[in-house]
file target-v4.txt (compact mmCIF, C-alpha atoms)
# COMPACT_ATOMS: atom_id res chain seq x y z
CA MET A 89 70.12 -16.11 -21.70
CA LYS A 90 72.93 -17.27 -19.42
CA ILE A 91 74.88 -15.05 -17.09
CA GLU A 92 78.21 -15.81 -15.52
CA ILE A 93 80.06 -13.54 -13.10
CA LEU A 94 83.66 -13.04 -14.18
CA GLU A 95 85.06 -10.78 -11.56
CA LYS A 96 83.80 -8.93 -8.53
CA GLU A 97 86.11 -6.37 -6.99
CA GLY A 98 84.48 -5.01 -3.85
CA GLU A 99 81.02 -3.53 -4.17
CA ASP A 100 81.93 -1.12 -6.93
CA LYS A 101 83.26 -3.28 -9.72
CA LEU A 102 81.57 -6.10 -11.54
CA SER A 103 82.15 -7.90 -14.80
CA PHE A 104 80.01 -10.65 -16.22
CA VAL A 105 79.46 -12.66 -19.38
CA VAL A 106 76.01 -12.82 -20.91
CA ARG A 107 75.33 -15.51 -23.48
CA GLY A 108 72.36 -15.33 -25.80
CA ILE A 109 72.00 -11.56 -25.80
CA SER A 110 71.87 -9.29 -28.82
CA PRO A 111 74.13 -6.22 -28.95
CA GLN A 112 71.01 -4.06 -29.35
CA PHE A 113 69.51 -5.29 -26.10
CA ALA A 114 72.87 -5.08 -24.33
CA ASN A 115 73.21 -1.50 -25.48
CA SER A 116 69.83 -0.51 -24.10
CA ILE A 117 70.86 -1.92 -20.72
CA ARG A 118 74.17 -0.07 -20.91
CA ARG A 119 72.42 3.18 -21.71
CA ALA A 120 69.89 2.64 -18.93
CA MET A 121 72.76 2.12 -16.47
CA ILE A 122 74.51 5.30 -17.57
CA ALA A 123 71.60 7.69 -17.97
CA GLU A 124 68.44 6.32 -16.35
CA VAL A 125 69.31 4.75 -13.01
CA PRO A 126 68.81 7.43 -10.36
CA VAL A 127 71.35 8.33 -7.67
CA MET A 128 71.70 11.13 -5.13
CA ALA A 129 73.73 14.23 -5.88
CA ILE A 130 73.83 17.72 -4.47
CA ASP A 131 71.58 19.87 -6.60
CA ASP A 132 70.73 23.21 -4.95
CA VAL A 133 73.28 24.97 -2.78
CA TYR A 134 72.33 27.88 -0.54
CA ILE A 135 75.51 29.77 0.15
CA ILE A 136 75.29 31.79 3.34
CA GLU A 137 78.91 32.85 3.46
CA ASN A 138 81.82 32.30 1.11
CA THR A 139 84.98 34.33 1.61
CA SER A 140 87.21 31.69 0.01
CA VAL A 141 89.08 32.27 -3.25
CA MET A 142 86.63 30.00 -5.07
CA TYR A 143 83.56 31.41 -6.80
CA ASP A 144 80.15 30.28 -5.50
CA GLU A 145 79.23 28.48 -8.71
CA VAL A 146 82.53 26.61 -8.89
CA LEU A 147 82.07 25.57 -5.28
CA ALA A 148 78.52 24.39 -5.97
CA HIS A 149 79.72 22.50 -9.05
CA ARG A 150 82.39 20.70 -7.05
CA LEU A 151 79.85 19.81 -4.37
CA GLY A 152 77.54 18.41 -7.04
CA LEU A 153 80.25 16.08 -8.34
CA ILE A 154 80.82 14.41 -4.97
CA PRO A 155 79.08 11.02 -5.11
CA LEU A 156 76.69 10.44 -2.22
CA LYS A 157 75.67 7.11 -0.71
CA THR A 158 72.24 6.53 -2.16
CA ASP A 159 69.33 4.77 -0.51
CA LEU A 160 67.06 4.11 -3.48
CA ASP A 161 64.38 2.48 -1.33
CA SER A 162 63.64 5.52 0.85
CA TYR A 163 63.86 8.32 -1.70
CA VAL A 164 61.86 9.16 -4.79
CA LEU A 165 62.64 11.36 -7.76
CA PRO A 166 61.50 14.97 -7.09
CA GLU A 167 59.29 14.96 -10.19
CA GLU A 168 57.52 11.84 -8.91
CA CYS A 169 57.14 13.10 -5.33
CA GLU A 170 53.73 14.03 -3.99
CA CYS A 171 54.98 17.14 -2.20
CA LYS A 172 55.45 19.18 -5.41
CA SER A 173 57.39 21.77 -3.44
CA GLU A 174 60.43 23.57 -4.77
CA THR A 175 62.84 22.65 -1.99
CA GLY A 176 61.39 19.16 -1.58
CA CYS A 177 60.29 17.09 1.38
CA SER A 178 61.96 14.35 3.41
CA ARG A 179 60.97 11.80 0.73
CA CYS A 180 62.65 13.60 -2.15
CA SER A 181 65.53 15.64 -0.78
CA ALA A 182 68.30 15.43 1.80
CA ILE A 183 70.18 18.26 3.45
CA LEU A 184 73.91 18.53 4.03
CA VAL A 185 75.59 21.36 5.88
CA LEU A 186 79.09 22.73 5.44
CA ASP A 187 80.52 25.17 7.96
CA VAL A 188 84.30 25.57 8.01
CA GLU A 189 86.61 28.42 8.89
CA GLY A 190 90.30 28.68 8.11
CA THR A 191 92.21 28.52 11.38
CA GLY A 192 95.79 28.57 12.58
CA GLU A 193 98.65 29.99 10.56
CA GLY A 194 98.50 28.00 7.37
CA VAL A 195 96.05 26.69 4.81
CA THR A 196 93.00 24.68 5.89
CA THR A 197 91.68 22.14 3.42
CA VAL A 198 87.93 21.58 3.38
CA TYR A 199 87.16 17.92 2.70
CA SER A 200 84.02 16.14 1.63
CA GLY A 201 84.03 14.66 5.14
CA ASP A 202 83.26 18.15 6.49
CA LEU A 203 79.90 18.01 4.72
CA LYS A 204 77.62 17.04 7.59
CA PRO A 205 74.33 15.31 6.82
CA HIS A 206 71.35 16.87 8.54
CA GLU A 207 70.01 14.80 11.46
CA SER A 208 66.89 13.95 9.46
CA ASN A 209 68.99 12.12 6.83
CA PRO A 210 72.11 10.76 8.57
CA ASP A 211 72.83 8.17 5.87
CA VAL A 212 73.14 10.54 2.92
CA LYS A 213 76.85 11.20 3.06
CA PRO A 214 79.79 11.41 0.66
CA VAL A 215 81.24 8.15 -0.60
CA SER A 216 84.71 9.33 0.36
CA ASP A 217 85.61 11.67 3.22
CA LYS A 218 88.88 12.76 1.66
CA ILE A 219 87.88 14.65 -1.48
CA PRO A 220 89.26 18.21 -1.22
CA ILE A 221 86.51 20.75 -1.90
CA VAL A 222 88.38 24.01 -1.37
CA LYS A 223 91.29 25.43 0.59
CA LEU A 224 91.00 28.31 3.05
CA ALA A 225 93.48 30.87 4.35
CA PRO A 226 93.18 31.83 8.03
CA GLY A 227 89.97 33.79 8.57
CA GLN A 228 88.28 32.73 5.34
CA ARG A 229 84.99 31.00 5.88
CA ILE A 230 82.43 28.87 4.10
CA ARG A 231 78.91 28.33 5.35
CA LEU A 232 76.34 26.66 3.17
CA GLU A 233 73.37 24.37 3.01
CA ALA A 234 73.21 21.83 0.21
CA TYR A 235 70.13 19.99 -1.00
CA ALA A 236 70.76 16.55 -2.42
CA ARG A 237 68.18 14.98 -4.67
CA LEU A 238 67.74 11.94 -6.81
CA GLY A 239 68.27 12.49 -10.50
CA THR A 240 69.33 10.66 -13.64
CA GLY A 241 72.42 10.84 -15.79
CA LYS A 242 70.53 12.13 -18.81
CA LYS A 243 70.04 15.43 -17.01
CA HIS A 244 73.57 15.80 -15.64
CA ALA A 245 76.55 13.44 -15.46
CA LYS A 246 76.75 13.94 -11.69
CA TRP A 247 73.64 11.76 -11.42
CA SER A 248 75.17 8.91 -13.36
CA PRO A 249 75.82 5.94 -11.05
CA VAL A 250 78.57 4.45 -13.21
CA THR A 251 82.03 5.43 -14.39
CA ARG A 252 83.20 2.70 -16.71
CA CYS A 253 80.16 0.95 -18.10
CA VAL A 254 80.87 -0.95 -21.30
CA TYR A 255 80.46 -4.31 -23.03
CA LYS A 256 82.52 -6.06 -25.62
CA TYR A 257 82.26 -9.13 -27.81
CA TYR A 258 83.29 -12.41 -26.23
CA PRO A 259 86.64 -13.10 -27.93
CA VAL A 260 87.66 -16.50 -29.20
CA VAL A 261 91.35 -16.75 -30.06
CA GLU A 262 92.74 -19.90 -31.60
CA VAL A 263 96.22 -21.05 -32.54
CA ASP A 264 96.57 -23.62 -35.28
CA GLU A 265 99.29 -25.79 -33.76
CA SER A 266 100.16 -27.49 -37.04
CA ARG A 267 101.12 -24.11 -38.57
CA CYS A 268 102.63 -22.36 -35.53
CA ASP A 269 106.42 -22.54 -35.20
CA GLY A 270 106.65 -20.53 -31.98
CA CYS A 271 108.27 -17.47 -33.53
CA GLY A 272 106.70 -15.27 -30.82
CA ILE A 273 105.67 -12.39 -33.07
CA CYS A 274 102.13 -12.60 -31.70
CA VAL A 275 103.46 -12.21 -28.15
CA ASP A 276 105.36 -9.04 -29.10
CA VAL A 277 102.56 -7.59 -31.17
CA CYS A 278 99.67 -8.17 -28.74
CA HIS A 279 99.05 -5.18 -26.51
CA ARG A 280 96.63 -7.14 -24.30
CA ASP A 281 99.06 -9.88 -23.30
CA VAL A 282 96.93 -12.68 -24.73
CA PHE A 283 99.67 -15.08 -25.88
CA GLU A 284 102.63 -16.94 -24.48
CA VAL A 285 105.17 -19.24 -26.07
CA ARG A 286 105.77 -22.61 -24.41
CA ASP A 287 107.89 -25.43 -25.88
CA GLY A 288 108.10 -23.83 -29.30
CA LYS A 289 104.38 -23.19 -29.69
CA ALA A 290 102.20 -20.21 -29.04
CA TYR A 291 99.35 -20.64 -26.57
CA VAL A 292 96.43 -18.47 -25.59
CA LYS A 293 96.74 -17.63 -21.90
CA ASN A 294 94.38 -14.63 -21.47
CA GLN A 295 91.67 -15.15 -24.03
CA LEU A 296 89.17 -12.76 -22.42
CA ARG A 297 91.63 -9.88 -22.42
CA CYS A 298 91.68 -9.87 -26.23
CA ASP A 299 89.98 -6.84 -27.75
CA LEU A 300 89.91 -8.29 -31.28
CA CYS A 301 92.21 -5.70 -32.82
CA GLY A 302 93.39 -8.35 -35.29
CA GLU A 303 97.04 -7.29 -35.18
CA CYS A 304 98.23 -10.81 -34.33
CA VAL A 305 96.27 -12.34 -37.21
CA SER A 306 97.65 -9.94 -39.80
CA ARG A 307 101.24 -10.13 -38.51
CA CYS A 308 101.49 -13.91 -38.10
CA PRO A 309 103.86 -15.09 -40.87
CA HIS A 310 102.43 -18.63 -40.80
CA ASP A 311 98.76 -17.71 -40.91
CA ALA A 312 98.24 -19.77 -37.76
CA LEU A 313 95.99 -17.43 -35.77
CA LYS A 314 92.31 -16.82 -35.64
CA ALA A 315 90.70 -14.09 -33.54
CA GLU A 316 86.94 -14.09 -33.72
CA TRP A 317 84.03 -13.61 -31.40
CA GLU A 318 81.24 -15.75 -30.08
CA LYS A 319 77.97 -14.71 -31.64
CA ASN A 320 75.50 -13.18 -29.20
CA SER A 321 77.86 -13.43 -26.24
CA LEU A 322 79.02 -10.25 -24.57
CA ILE A 323 81.18 -9.29 -21.63
CA PHE A 324 79.96 -6.42 -19.47
CA PHE A 325 82.18 -4.26 -17.29
CA VAL A 326 80.38 -2.11 -14.74
CA GLU A 327 82.17 0.17 -12.35
CA THR A 328 80.23 2.55 -10.11
CA THR A 329 81.09 5.81 -8.41
CA GLY A 330 80.32 4.14 -5.08
CA ALA A 331 76.88 5.71 -4.78
CA LEU A 332 75.26 2.32 -5.43
CA PRO A 333 76.71 -1.20 -5.47
CA ALA A 334 77.41 -2.40 -9.03
CA TRP A 335 74.87 -5.24 -8.88
CA ARG A 336 72.19 -2.75 -7.83
CA VAL A 337 72.89 -0.56 -10.85
CA VAL A 338 72.39 -3.54 -13.16
CA VAL A 339 69.16 -4.55 -11.40
CA GLU A 340 67.79 -1.00 -11.48
CA ALA A 341 68.62 -0.67 -15.18
CA PHE A 342 66.43 -3.68 -15.89
CA ARG A 343 63.67 -2.18 -13.75
CA VAL A 344 63.86 1.06 -15.74
CA LEU A 345 63.60 -0.85 -19.01
CA ALA A 346 60.72 -2.97 -17.73
CA LYS A 347 58.85 0.14 -16.64
CA LYS A 348 59.30 1.70 -20.06
CA CYS A 349 57.96 -1.40 -21.75
CA GLU A 350 54.94 -1.37 -19.45
CA ILE A 351 54.21 2.25 -20.32
CA PHE A 352 54.54 1.43 -24.00
CA LEU A 353 52.14 -1.49 -23.71
CA SER A 354 49.59 0.48 -21.74
CA GLN A 355 49.69 3.22 -24.37
CA LEU A 356 49.06 0.64 -27.04
CA GLY A 357 46.20 -0.64 -24.90
CA GLU A 358 44.70 2.83 -24.74
CA LEU A 359 44.84 3.06 -28.49
CA GLY A 360 43.03 -0.25 -28.73
CA VAL A 361 45.91 -1.99 -30.52
CA VAL A 362 46.36 -4.74 -27.93
CA MET B 63 93.32 23.79 -12.60
CA GLY B 64 93.06 25.69 -9.35
CA ILE B 65 92.40 22.72 -7.13
CA VAL B 66 92.40 19.02 -7.87
CA PRO B 67 89.28 18.00 -9.85
CA VAL B 68 86.76 15.90 -7.93
CA ARG B 69 86.35 13.42 -10.77
CA CYS B 70 88.18 12.23 -13.84
CA PHE B 71 87.10 14.34 -16.84
CA THR B 72 86.83 11.31 -19.08
CA CYS B 73 85.29 8.47 -17.10
CA GLY B 74 83.89 10.25 -14.06
CA SER B 75 85.44 8.15 -11.31
CA VAL B 76 86.50 10.01 -8.18
CA ILE B 77 90.19 10.90 -8.18
CA GLY B 78 90.16 13.95 -5.88
CA ASP B 79 90.54 11.86 -2.74
CA LYS B 80 93.70 10.25 -4.10
CA TRP B 81 95.57 13.44 -4.90
CA GLU B 82 97.07 14.18 -1.48
CA GLU B 83 98.51 10.72 -1.03
CA PHE B 84 99.77 10.74 -4.62
CA LYS B 85 101.50 14.09 -4.14
CA ARG B 86 102.99 13.16 -0.79
CA ARG B 87 104.42 9.87 -1.97
CA VAL B 88 105.78 11.19 -5.27
CA LYS B 89 107.41 14.08 -3.42
CA ALA B 90 109.01 11.52 -1.11
CA GLY B 91 110.70 10.03 -4.15
CA GLU B 92 108.44 7.13 -5.07
CA ASP B 93 107.82 6.18 -8.69
CA PRO B 94 104.53 7.80 -9.81
CA GLU B 95 103.64 4.68 -11.80
CA LYS B 96 103.85 2.52 -8.69
CA VAL B 97 101.91 5.00 -6.56
CA LEU B 98 99.07 5.12 -9.09
CA ASP B 99 98.95 1.32 -9.18
CA ASP B 100 98.85 1.24 -5.38
CA LEU B 101 96.02 3.75 -5.29
CA GLY B 102 94.01 1.63 -7.71
CA VAL B 103 94.01 4.26 -10.44
CA LYS B 104 93.97 1.88 -13.40
CA ARG B 105 92.82 3.70 -16.52
CA TYR B 106 95.06 6.15 -18.31
CA CYS B 107 92.35 8.84 -18.26
CA CYS B 108 92.34 8.89 -14.46
CA ARG B 109 96.13 8.51 -14.28
CA SER B 110 96.65 11.55 -16.50
CA MET B 111 94.39 13.59 -14.19
CA LEU B 112 96.75 13.09 -11.25
CA ILE B 113 100.03 13.15 -13.18
CA SER B 114 99.28 16.41 -14.98
CA HIS B 115 97.69 18.27 -12.08
CA VAL B 116 99.23 21.46 -10.68
CA GLU B 117 97.67 22.75 -7.47
CA VAL B 118 97.58 26.48 -8.31
CA ILE B 119 95.31 27.35 -5.38
CA ASP B 120 98.29 26.87 -3.05
CA ASP B 121 100.15 29.68 -4.83
CA ILE B 122 97.14 31.98 -4.65
CA LEU B 123 96.48 31.24 -1.00
CA GLU B 124 100.02 32.26 -0.05
CA TYR B 125 99.00 35.87 -0.66
CA PHE B 126 96.00 35.53 1.64
CA VAL B 127 98.03 33.83 4.36
CA VAL B 128 100.56 36.68 4.28
CA LYS B 129 97.76 39.27 4.10
CA GLY B 130 96.19 37.83 7.25
CA ARG B 131 99.54 37.84 9.06
CA VAL B 132 100.24 41.47 8.13
CA LYS B 133 96.75 42.45 9.25
CA ARG B 134 97.21 40.83 12.64
CA GLU B 135 100.55 42.50 13.20

call {"tool": "encode", "arguments": {"input": "target-v4.txt", "output": "C-alpha cells"}}
result
Amino acid sequence: MKIEILEKEGEDKLSFVVRGISPQFANSIRRAMIAEVPVMAIDDVYIIENTSVMYDEVLAHRLGLIPLKTDLDSYVLPEECECKSETGCSRCSAILVLDVEGTGEGVTTVYSGDLKPHESNPDVKPVSDKIPIVKLAPGQRIRLEAYARLGTGKKHAKWSPVTRCVYKYYPVVEVDESRCDGCGICVDVCHRDVFEVRDGKAYVKNQLRCDLCGECVSRCPHDALKAEWEKNSLIFFVETTGALPAWRVVVEAFRVLAKKCEIFLSQLGELGVV
Amino acid sequence: MGIVPVRCFTCGSVIGDKWEEFKRRVKAGEDPEKVLDDLGVKRYCCRSMLISHVEVIDDILEYFVVKGRVKRE
C-alpha cells in the first residue's frame, strides 16, 4: 500500500491517494471515520431557566450540534469509564455553562462563544465562537448547564467527526492524439473541467478532477477519448467539523478497525479455533 | 426555519457561524455567489442552506421587544 497526500487545507481538510487498496477495505475505513471515531458533543442539558421563544428541546438540540474541540487523549467513552455514574466524572464528561440575558432595547443574539467551559475542563469549547444559538428580547433569559461527552456517529450524527468523507476511483483519462482534431466538444461537455484545447488538440489538464461520468467518451465524434480508472487505487477526501484534525480522524479510524480485529481474534481464540 | 441552522442538513458542516456575515454582505449589495466563495462554502448543499434561509425569529422577537417596551412605560 502506498499513500500520497494530495492536498491539505488547514487542519480540517485532507485528501490523499492510496494505491494498492481494495474498495472493500477503503469502505470500512470510511465507515469507521463516519460512525466509529469518537468526538465530544453536548449530550445532557440541564435547563435552569429558559424564557426565550425557543423550546427547551430545540435549544438542547442546537447545543448538541455545535462541534466541540475534542481531546481524545484525556477523555474516555462514558460506557468505558470506570465511574459508571449517570452524570459522569472528570474522565468521561465536561461541563459547559450558558447564562445570558437579553439587555438593552433590541435583540441580543446568544452565540456559541457564550458557552463557557467549566474551570475543570477549560479546553472543551466550541470550534467556532460565532454560531448563533438563539436570540433574546430584552428581559428574556437563558441559564443552563450542558454536559458534553464522547460518543460515536452511529448513535447520533452530532458525534460524527467528519462532514465530507468519501473516496473515489483514481481516474485515468487519455486522449488519442492521432484521432483528436481539437473540436473541443469534450471541453464543453465536461462538467469537471478536465480538458483544454491547445494547438488544435485536446489535452488533459485536471485528470484527478474527473469523476468518470463518461460523457466525454460517448460524445467524442472521433472516438479519441478513454476515461478509465486505476485498479485498486483510490482517492480519499476527508473534511472534519473541526472537532479533530483530519489526520487524527484517519488515524483513529484505523485504531478502531484494529481493535475490532483484535476482539475478533480473541473470540476465535476462546473458541479454540486459533 | 426560525433561526439559522447550526449545520448543513446534508453534509453536516457548520454553516451557522457564516450566516451573519453572509446576510450583511448580501444586504450591502454584494453578489451572493462571491460571498459564499469568500466564506469558503463550497458544496451546493451548504450553499443552499444560506441562500434559502429566512430568519423568522427576528419577526417573532419584534412582538417581544415591543411588549417589553410597553410594559416599561

call {"tool": "interface_residues", "arguments": {"input": "target-v4.txt", "of": "chain B", "to": "chain A", "cutoff": "6 Å", "atoms": "all atoms listed in the file", "output": "MDAnalysis selection string"}}
result
chainID B and resid 73:75 78:79 126:127

call {"tool": "residues_near_point", "arguments": {"input": "target-v4.txt", "point": "(67.8, 3.1, -24.6)", "cutoff": "12 Å", "atoms": "only C-alpha atoms", "output": "ChimeraX atom specification"}}
result
/A:112-125,242,341-342,344-346,348-349

call {"tool": "residues_around", "arguments": {"input": "target-v4.txt", "residues": "stretch 259-269 of chain A", "least_positions_apart": "5", "cutoff": "8 Å", "atoms": "all atoms listed in the file", "output": "ChimeraX atom specification"}}
result
/A:288-292,295-296,298-300,310-318

call {"tool": "axis_aligned_box", "arguments": {"input": "target-v4.txt", "around": "stretch 63-80 of chain B", "padding_each_side": "5 Å", "output": "JSON"}}
result
{"center_x": 88.8, "center_y": 16.9, "center_z": -10.9, "size_x": 19.8, "size_y": 27.5, "size_z": 26.3}

call {"tool": "residues_near_point", "arguments": {"input": "target-v4.txt", "point": "(91.5, 5.9, -12.0)", "cutoff": "10 Å", "atoms": "all atoms listed in the file", "output": "PyMOL selection string"}}
result
(chain A and resi 251) or (chain B and resi 69-70+73-77+80+98-99+101-112)

call {"tool": "write_last_selection", "arguments": {"input": "target-v4.txt", "atoms": "C-alpha atoms", "output": "tab-separated table (two decimals), keeping the file's coordinate frame"}}
result
chain	number	residue	atom	x	y	z
A	251	THR	CA	82.03	5.43	-14.39
B	69	ARG	CA	86.35	13.42	-10.77
B	70	CYS	CA	88.18	12.23	-13.84
B	73	CYS	CA	85.29	8.47	-17.10
B	74	GLY	CA	83.89	10.25	-14.06
B	75	SER	CA	85.44	8.15	-11.31
B	76	VAL	CA	86.50	10.01	-8.18
B	77	ILE	CA	90.19	10.90	-8.18
B	80	LYS	CA	93.70	10.25	-4.10
B	98	LEU	CA	99.07	5.12	-9.09
B	99	ASP	CA	98.95	1.32	-9.18
B	101	LEU	CA	96.02	3.75	-5.29
B	102	GLY	CA	94.01	1.63	-7.71
B	103	VAL	CA	94.01	4.26	-10.44
B	104	LYS	CA	93.97	1.88	-13.40
B	105	ARG	CA	92.82	3.70	-16.52
B	106	TYR	CA	95.06	6.15	-18.31
B	107	CYS	CA	92.35	8.84	-18.26
B	108	CYS	CA	92.34	8.89	-14.46
B	109	ARG	CA	96.13	8.51	-14.28
B	110	SER	CA	96.65	11.55	-16.50
B	111	MET	CA	94.39	13.59	-14.19
B	112	LEU	CA	96.75	13.09	-11.25

call {"tool": "closest_residue", "arguments": {"input": "target-v4.txt", "among": "A:Gly270, A:Pro333, A:Pro205, A:Gly192", "to": "B:Arg131", "atoms": "all atoms listed in the file"}}
result
A:Gly192

call {"tool": "atom_distance", "arguments": {"input": "target-v4.txt", "atom1": "atom CA of A:Phe104", "atom2": "atom CA of A:Asn294"}}
result
15.8 Å

call {"tool": "atom_distance", "arguments": {"input": "target-v4.txt", "atom1": "atom CA of A:Ala182", "atom2": "atom CA of A:Asn138"}}
result
21.6 Å

call {"tool": "atom_distance", "arguments": {"input": "target-v4.txt", "atom1": "atom CA of A:Tyr257", "atom2": "atom CA of A:Cys301"}}
result
11.7 Å

call {"tool": "closest_residue", "arguments": {"input": "target-v4.txt", "among": "B:Pro67, B:Trp81, B:Glu135, B:Val128", "to": "B:Pro94", "atoms": "only C-alpha atoms"}}
result
B:Trp81

call {"tool": "residues_around", "arguments": {"input": "target-v4.txt", "residues": "A:Thr158", "least_positions_apart": "6", "cutoff": "12 Å", "atoms": "only C-alpha atoms", "output": "ChimeraX atom specification"}}
result
/A:125-130,164,180-182,209-215,236-239,247-249,328-333,336-337

call {"tool": "build_atoms", "arguments": {"input": "target-v4.txt", "residues": "stretch 91-108 of chain B", "atoms": "N, CA, C and O atoms", "output": "CSV table (one decimal), in the coordinates of the input"}}
result
chain,number,residue,atom,x,y,z
B,91,GLY,N,109.8,10.7,-3.3
B,91,GLY,CA,110.7,10.0,-4.2
B,91,GLY,C,110.2,8.7,-4.7
B,91,GLY,O,110.9,8.0,-5.4
B,92,GLU,N,108.9,8.4,-4.5
B,92,GLU,CA,108.4,7.1,-5.1
B,92,GLU,C,108.1,7.3,-6.6
B,92,GLU,O,107.9,8.4,-7.0
B,93,ASP,N,108.1,6.2,-7.3
B,93,ASP,CA,107.8,6.2,-8.7
B,93,ASP,C,106.3,6.4,-8.9
B,93,ASP,O,105.5,5.7,-8.4
B,94,PRO,N,106.0,7.5,-9.6
B,94,PRO,CA,104.5,7.8,-9.8
B,94,PRO,C,103.7,6.6,-10.3
B,94,PRO,O,102.6,6.4,-10.0
B,95,GLU,N,104.3,5.8,-11.2
B,95,GLU,CA,103.6,4.7,-11.8
B,95,GLU,C,103.2,3.7,-10.7
B,95,GLU,O,102.1,3.2,-10.7
B,96,LYS,N,104.1,3.5,-9.8
B,96,LYS,CA,103.8,2.5,-8.7
B,96,LYS,C,102.8,3.1,-7.7
B,96,LYS,O,101.9,2.4,-7.3
B,97,VAL,N,102.9,4.4,-7.5
B,97,VAL,CA,101.9,5.0,-6.6
B,97,VAL,C,100.5,4.9,-7.1
B,97,VAL,O,99.5,4.6,-6.4
B,98,LEU,N,100.4,5.2,-8.4
B,98,LEU,CA,99.1,5.1,-9.1
B,98,LEU,C,98.5,3.7,-9.0
B,98,LEU,O,97.3,3.5,-8.8
B,99,ASP,N,99.4,2.7,-9.3
B,99,ASP,CA,99.0,1.3,-9.2
B,99,ASP,C,98.5,1.0,-7.8
B,99,ASP,O,97.4,0.4,-7.6
B,100,ASP,N,99.2,1.5,-6.8
B,100,ASP,CA,98.8,1.2,-5.4
B,100,ASP,C,97.5,1.8,-5.0
B,100,ASP,O,96.7,1.3,-4.3
B,101,LEU,N,97.3,3.0,-5.6
B,101,LEU,CA,96.0,3.8,-5.3
B,101,LEU,C,94.8,3.2,-6.0
B,101,LEU,O,93.7,3.6,-5.9
B,102,GLY,N,95.1,2.2,-6.9
B,102,GLY,CA,94.0,1.6,-7.7
B,102,GLY,C,93.5,2.5,-8.8
B,102,GLY,O,92.4,2.4,-9.3
B,103,VAL,N,94.4,3.4,-9.3
B,103,VAL,CA,94.0,4.3,-10.4
B,103,VAL,C,94.5,3.5,-11.7
B,103,VAL,O,95.7,3.6,-12.0
B,104,LYS,N,93.6,2.8,-12.4
B,104,LYS,CA,94.0,1.9,-13.4
B,104,LYS,C,94.0,2.5,-14.8
B,104,LYS,O,95.0,2.3,-15.5
B,105,ARG,N,92.9,3.2,-15.1
B,105,ARG,CA,92.8,3.7,-16.5
B,105,ARG,C,93.7,4.9,-16.8
B,105,ARG,O,94.0,5.7,-15.9
B,106,TYR,N,94.1,5.1,-18.0
B,106,TYR,CA,95.1,6.2,-18.3
B,106,TYR,C,94.4,7.5,-18.3
B,106,TYR,O,95.0,8.5,-18.1
B,107,CYS,N,93.0,7.5,-18.4
B,107,CYS,CA,92.4,8.8,-18.3
B,107,CYS,C,92.5,9.4,-16.8
B,107,CYS,O,92.9,10.5,-16.6
B,108,CYS,N,92.2,8.5,-15.9
B,108,CYS,CA,92.3,8.9,-14.5
B,108,CYS,C,93.8,9.2,-14.1
B,108,CYS,O,94.1,10.1,-13.3
